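Okay, so here's the structure we're looking at.
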Amino acid sequence: MPENNDNFDKFTPFFSATSSQLFLQKRYTQGKIEDAEKKSYENCYPFIYYIEHSKIYYNQSAKAPLCIQPILSFYGFTHLLKACLLTVNPNYPESTSLLAHGVTTRKRKKQQYDFLKDEVKTQKNGLFTSVAENLFHIKHLEGEKFSMESLLAEIPELQSIAWTHSKTNFITPVYIHDGFELPSSILDSYQMTADRFFEFMKGKTKEVTDLKEMKGKLSLKVDGPLGMNGPSPMRFNMEAELFMLSINKNSPAFSLPELLIHYLISYNLSIIARYETEWWAELLKTMPNDDYPSIVQFLKISQAKIPLLVFEWLKPGSLGR
């Protein structure tokens, strides 16, 4: 990754109090928030500073030794998410409980620790919960557990790393103007009929509205504009520049938006880098198993992709809006 994250160039128009104030006023007006103009003036500088600090954290992460990259990247990530929350809630954060991470993990790892088997658990309050509810309208995630392996398997750019070689985690769909075209063989992967597949997808994402079966193909219609953020479990592969459909239908992470997936992994890595010094140092020095390539590749992809996903969410007409 370059020393400066070029993907932050997209945020340049926000580095203007005038532009950010007008942007926030429009968002607050669309959200039917009282005193939209006044609150947009109050929040334009906090909004700018969140983005500015995120950019600094990410740029420093790119220059830093690998041992502290997870910490810097995670705090860069959280600042971007706080900027997003400020566009829908002018009073954020209303209480100190919202400043918590919203997720927890075992701080002292067991002997024979396996990163891919490690789990994080979501909490009732905090940044993760606020983002899930306010950015993606997802509730009732409290107490859910997610393994690192199940989360990493939902990131399409990670298909090629060693621990996934024996798996096929994604089907590549063809994008059409109001949805996706899929091979009928997807039904074998899901072990479903076309009707069952349609009902299943409708239950996972509100955007799916129709399914037509043609010769060897399925046409999945999606309501609303399509962007990098979904609809889940449709993932956008940044490197290949195409959409991919996850086939990990039994995974608890299957229908999570990718921003939330990255957050859960990033949080856990930041905890490991801060508190599991011995294990972390040994991993970086000895590279004993698949944990090392999984983590290194994730950090590289996440540092480049998170700014793009956040900017996509901020754009007018995105699914997050």
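Starting from 1 in every chain, residues are counted up; chains themselves are A, B, ... following the order of the structure tokens, and ligands are numbered from 1 as listed.
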What are the DSSP helix (DSSP H, G or I) residues of stretch 14-121 of chain A, as a ChimeraX atom specification? /A:14,17-30,36-63,66-88,96-99,115-117
Keeping C-alpha atoms, export the residues of the selection given above as an mmCIF file, in the first residue's frame.
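Written output follows (selection22.cif):
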data_model
loop_
_atom_site.group_PDB
_atom_site.id
_atom_site.type_symbol
_atom_site.label_atom_id
_atom_site.label_comp_id
_atom_site.auth_asym_id
_atom_site.auth_seq_id
_atom_site.Cartn_x
_atom_site.Cartn_y
_atom_site.Cartn_z
ATOM 1 C CA PHE A 14 -15.461 17.574 2.328
ATOM 2 C CA ALA A 17 -16.600 24.092 5.838
ATOM 3 C CA THR A 18 -19.002 25.457 3.244
ATOM 4 C CA SER A 19 -19.312 22.187 1.335
ATOM 5 C CA SER A 20 -19.613 20.059 4.488
ATOM 6 C CA GLN A 21 -22.224 22.369 6.000
ATOM 7 C CA LEU A 22 -24.378 22.206 2.872
ATOM 8 C CA PHE A 23 -23.895 18.429 2.706
ATOM 9 C CA LEU A 24 -25.000 17.979 6.322
ATOM 10 C CA GLN A 25 -27.920 20.371 5.923
ATOM 11 C CA LYS A 26 -29.177 18.343 2.985
ATOM 12 C CA ARG A 27 -28.830 15.091 4.959
ATOM 13 C CA TYR A 28 -30.626 16.510 7.995
ATOM 14 C CA THR A 29 -33.405 17.929 5.840
ATOM 15 C CA GLN A 30 -33.861 14.563 4.116
ATOM 16 C CA ALA A 36 -31.285 21.260 10.039
ATOM 17 C CA GLU A 37 -29.450 24.420 9.038
ATOM 18 C CA LYS A 38 -28.357 25.317 12.574
ATOM 19 C CA LYS A 39 -27.165 21.788 13.345
ATOM 20 C CA SER A 40 -25.317 21.533 10.053
ATOM 21 C CA TYR A 41 -23.313 24.635 11.006
ATOM 22 C CA GLU A 42 -22.593 23.176 14.439
ATOM 23 C CA ASN A 43 -21.396 19.858 13.022
ATOM 24 C CA CYS A 44 -19.517 20.785 9.864
ATOM 25 C CA TYR A 45 -16.155 21.079 11.638
ATOM 26 C CA PRO A 46 -16.524 17.897 13.754
ATOM 27 C CA PHE A 47 -17.457 16.109 10.508
ATOM 28 C CA ILE A 48 -14.340 17.439 8.762
ATOM 29 C CA TYR A 49 -12.096 16.593 11.715
ATOM 30 C CA TYR A 50 -13.338 13.006 11.897
ATOM 31 C CA ILE A 51 -12.379 12.502 8.244
ATOM 32 C CA GLU A 52 -9.096 14.377 8.622
ATOM 33 C CA HIS A 53 -8.037 12.347 11.657
ATOM 34 C CA SER A 54 -9.005 9.123 9.893
ATOM 35 C CA LYS A 55 -6.820 10.045 6.935
ATOM 36 C CA ILE A 56 -3.876 10.711 9.261
ATOM 37 C CA TYR A 57 -4.318 7.394 11.067
ATOM 38 C CA TYR A 58 -4.496 5.441 7.795
ATOM 39 C CA ASN A 59 -1.497 7.217 6.287
ATOM 40 C CA GLN A 60 0.542 6.591 9.433
ATOM 41 C CA SER A 61 -0.563 2.953 9.416
ATOM 42 C CA ALA A 62 0.806 2.533 5.895
ATOM 43 C CA LYS A 63 4.214 3.836 7.047
ATOM 44 C CA LEU A 66 3.326 -4.206 10.857
ATOM 45 C CA CYS A 67 3.204 -4.756 14.625
ATOM 46 C CA ILE A 68 1.231 -1.512 15.218
ATOM 47 C CA GLN A 69 -0.678 -1.249 11.924
ATOM 48 C CA PRO A 70 -3.860 -2.877 13.343
ATOM 49 C CA ILE A 71 -4.125 -0.225 16.066
ATOM 50 C CA LEU A 72 -3.672 2.741 13.735
ATOM 51 C CA SER A 73 -5.990 1.302 11.079
ATOM 52 C CA PHE A 74 -8.731 0.552 13.607
ATOM 53 C CA TYR A 75 -8.766 4.094 14.951
ATOM 54 C CA GLY A 76 -8.766 5.458 11.418
ATOM 55 C CA PHE A 77 -11.772 3.245 10.741
ATOM 56 C CA THR A 78 -13.670 4.378 13.838
ATOM 57 C CA HIS A 79 -13.256 8.043 12.927
ATOM 58 C CA LEU A 80 -14.772 7.455 9.492
ATOM 59 C CA LEU A 81 -17.726 5.652 11.058
ATOM 60 C CA LYS A 82 -18.281 8.526 13.479
ATOM 61 C CA ALA A 83 -18.371 10.919 10.523
ATOM 62 C CA CYS A 84 -21.091 8.744 8.962
ATOM 63 C CA LEU A 85 -23.109 8.676 12.184
ATOM 64 C CA LEU A 86 -22.961 12.463 12.382
ATOM 65 C CA THR A 87 -24.765 12.679 9.034
ATOM 66 C CA VAL A 88 -27.829 10.859 10.413
ATOM 67 C CA THR A 96 -20.682 7.850 26.882
ATOM 68 C CA SER A 97 -22.082 4.342 26.277
ATOM 69 C CA LEU A 98 -22.055 5.105 22.550
ATOM 70 C CA LEU A 99 -18.297 5.693 22.710
ATOM 71 C CA PHE A 115 -6.595 -16.676 15.267
ATOM 72 C CA LEU A 116 -8.994 -18.078 12.658
ATOM 73 C CA LYS A 117 -11.006 -19.828 15.396
#
What are the closest atom pairs, with distances in Å to one decimal, for all residues of stretch 113-142 of chain A lying within 12 Å of stretch 246-262 of chain A? Consider only C-alpha atoms, order rows by chain and residue number, and present the result as CSV.
residue,atom,partner,partner_atom,distance
A:Glu119,CA,A:Pro252,CA,11.8
A:Val120,CA,A:Ile261,CA,11.0
A:Lys121,CA,A:Pro252,CA,11.8
A:Thr122,CA,A:Leu260,CA,11.0
A:Leu127,CA,A:Leu260,CA,10.4
A:Phe128,CA,A:Leu260,CA,7.3
A:Thr129,CA,A:Leu260,CA,9.6
A:Ser130,CA,A:Leu260,CA,10.9
A:Val131,CA,A:Leu260,CA,8.0
A:Ala132,CA,A:Leu260,CA,7.3
A:Glu133,CA,A:Leu260,CA,11.1
A:Leu135,CA,A:Pro257,CA,10.0
A:Phe136,CA,A:Pro257,CA,7.7
A:His137,CA,A:Pro257,CA,10.7
A:Ile138,CA,A:Leu256,CA,8.9
A:Lys139,CA,A:Leu256,CA,11.4
A:Leu141,CA,A:Leu256,CA,10.3
Emit the selected residues as an mmCIF file, in the first residue's frame, including C-alpha atoms.
data_model
loop_
_atom_site.group_PDB
_atom_site.id
_atom_site.type_symbol
_atom_site.label_atom_id
_atom_site.label_comp_id
_atom_site.auth_asym_id
_atom_site.auth_seq_id
_atom_site.Cartn_x
_atom_site.Cartn_y
_atom_site.Cartn_z
ATOM 1 C CA GLU A 119 -14.439 -15.126 18.245
ATOM 2 C CA VAL A 120 -15.828 -11.669 18.907
ATOM 3 C CA LYS A 121 -19.166 -10.998 20.589
ATOM 4 C CA THR A 122 -21.416 -8.016 19.914
ATOM 5 C CA LEU A 127 -20.044 2.075 17.959
ATOM 6 C CA PHE A 128 -20.717 -1.276 16.276
ATOM 7 C CA THR A 129 -24.367 -1.278 17.367
ATOM 8 C CA SER A 130 -24.851 2.380 16.397
ATOM 9 C CA VAL A 131 -23.409 1.773 12.943
ATOM 10 C CA ALA A 132 -25.501 -1.370 12.393
ATOM 11 C CA GLU A 133 -28.730 0.407 13.381
ATOM 12 C CA LEU A 135 -26.241 3.136 8.757
ATOM 13 C CA PHE A 136 -27.738 -0.222 7.773
ATOM 14 C CA HIS A 137 -31.009 -0.432 9.765
ATOM 15 C CA ILE A 138 -29.971 -3.730 11.377
ATOM 16 C CA LYS A 139 -31.131 -4.406 14.936
ATOM 17 C CA LEU A 141 -27.348 -8.176 16.966
#
For A:Glu241, find every residue with an atom within 12 Å (counting only C-alpha atoms), except residues of its own chain fewer than 2 positions away, and show them as a short mmCIF file (atom, residue, chain, number, x, y, z; two decimals) with N, CA, C and O atoms, in the first residue's frame.
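Saved result, selection_18.cif, follows:
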data_model
loop_
_atom_site.label_atom_id
_atom_site.label_comp_id
_atom_site.auth_asym_id
_atom_site.auth_seq_id
_atom_site.Cartn_x
_atom_site.Cartn_y
_atom_site.Cartn_z
N PRO A 156 -14.34 -10.85 -0.43
CA PRO A 156 -14.03 -11.50 -1.72
C PRO A 156 -12.57 -11.42 -2.13
O PRO A 156 -12.05 -12.34 -2.77
N GLU A 157 -11.88 -10.34 -1.76
CA GLU A 157 -10.47 -10.20 -2.15
C GLU A 157 -9.57 -11.20 -1.45
O GLU A 157 -8.41 -11.38 -1.84
N THR A 172 -19.38 -15.49 -9.11
CA THR A 172 -19.31 -14.17 -9.74
C THR A 172 -20.56 -13.92 -10.57
O THR A 172 -20.79 -14.61 -11.57
N PRO A 173 -21.39 -12.96 -10.18
CA PRO A 173 -22.58 -12.64 -10.98
C PRO A 173 -22.26 -11.55 -12.01
O PRO A 173 -21.25 -10.85 -11.89
N VAL A 174 -23.11 -11.44 -12.98
CA VAL A 174 -22.99 -10.37 -13.97
C VAL A 174 -23.94 -9.26 -13.57
O VAL A 174 -25.12 -9.50 -13.31
N TYR A 175 -23.43 -8.05 -13.50
CA TYR A 175 -24.28 -6.91 -13.13
C TYR A 175 -25.16 -6.50 -14.30
O TYR A 175 -24.68 -6.35 -15.43
N GLY A 227 -24.28 -0.35 -5.12
CA GLY A 227 -22.96 0.20 -4.86
C GLY A 227 -22.09 -0.81 -4.16
O GLY A 227 -22.46 -1.98 -3.99
N MET A 228 -20.91 -0.38 -3.74
CA MET A 228 -19.96 -1.29 -3.12
C MET A 228 -20.49 -1.91 -1.84
O MET A 228 -20.02 -2.96 -1.40
N ARG A 235 -21.16 -9.13 -2.58
CA ARG A 235 -19.96 -8.40 -2.19
C ARG A 235 -19.27 -7.82 -3.43
O ARG A 235 -19.23 -8.48 -4.48
N PHE A 236 -18.72 -6.62 -3.29
CA PHE A 236 -17.98 -6.03 -4.40
C PHE A 236 -16.50 -6.32 -4.22
O PHE A 236 -15.91 -5.99 -3.20
N ASN A 237 -15.91 -6.97 -5.23
CA ASN A 237 -14.48 -7.26 -5.22
C ASN A 237 -13.74 -6.05 -5.79
O ASN A 237 -13.82 -5.76 -6.98
N MET A 238 -13.05 -5.33 -4.93
CA MET A 238 -12.37 -4.10 -5.31
C MET A 238 -11.28 -4.35 -6.34
O MET A 238 -11.08 -3.54 -7.26
N GLU A 239 -10.56 -5.46 -6.21
CA GLU A 239 -9.44 -5.73 -7.11
C GLU A 239 -9.91 -6.17 -8.49
O GLU A 239 -9.37 -5.76 -9.51
N PHE A 243 -18.98 -7.69 -8.84
CA PHE A 243 -19.73 -8.21 -7.70
C PHE A 243 -19.55 -9.72 -7.59
O PHE A 243 -19.42 -10.43 -8.60
N MET A 244 -19.58 -10.20 -6.35
CA MET A 244 -19.49 -11.63 -6.10
C MET A 244 -20.53 -11.98 -5.05
O MET A 244 -20.76 -11.22 -4.11
N LYS A 305 -9.76 -0.54 1.20
CA LYS A 305 -11.18 -0.67 0.87
C LYS A 305 -12.10 0.13 1.78
O LYS A 305 -13.14 0.63 1.32
#
Nearest to A:Ile33: which of A:Gly224, A:Pro90, A:Pro13, A:Pro65 is it, counting only C-alpha atoms?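 Ranked by minimum distance to A:Ile33, first place goes to A:Pro90.
For the set A:Leu242, A:Ile265, A:Ile272, A:Leu151, the residue with the smallest atom-to-atom gap to A:Leu299 is A:Ile265, counting only C-alpha atoms.
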Extract, using only C-alpha atoms, all DNA, RNA and protein residues at most 8 Å from A:Lys221, discarding same-chain residues fewer than 4 positions from it, and format them as a list in words.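 Counting only C-alpha atoms, the residues come to Asp178, Gly179, Phe180, Val208, Thr209, Asp210 and Leu211 of chain A.
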How would you write, as a count of residues only, the set of residues in stretch 9-212 of chain A that DSSP gives as strand (DSSP E or B)? 25
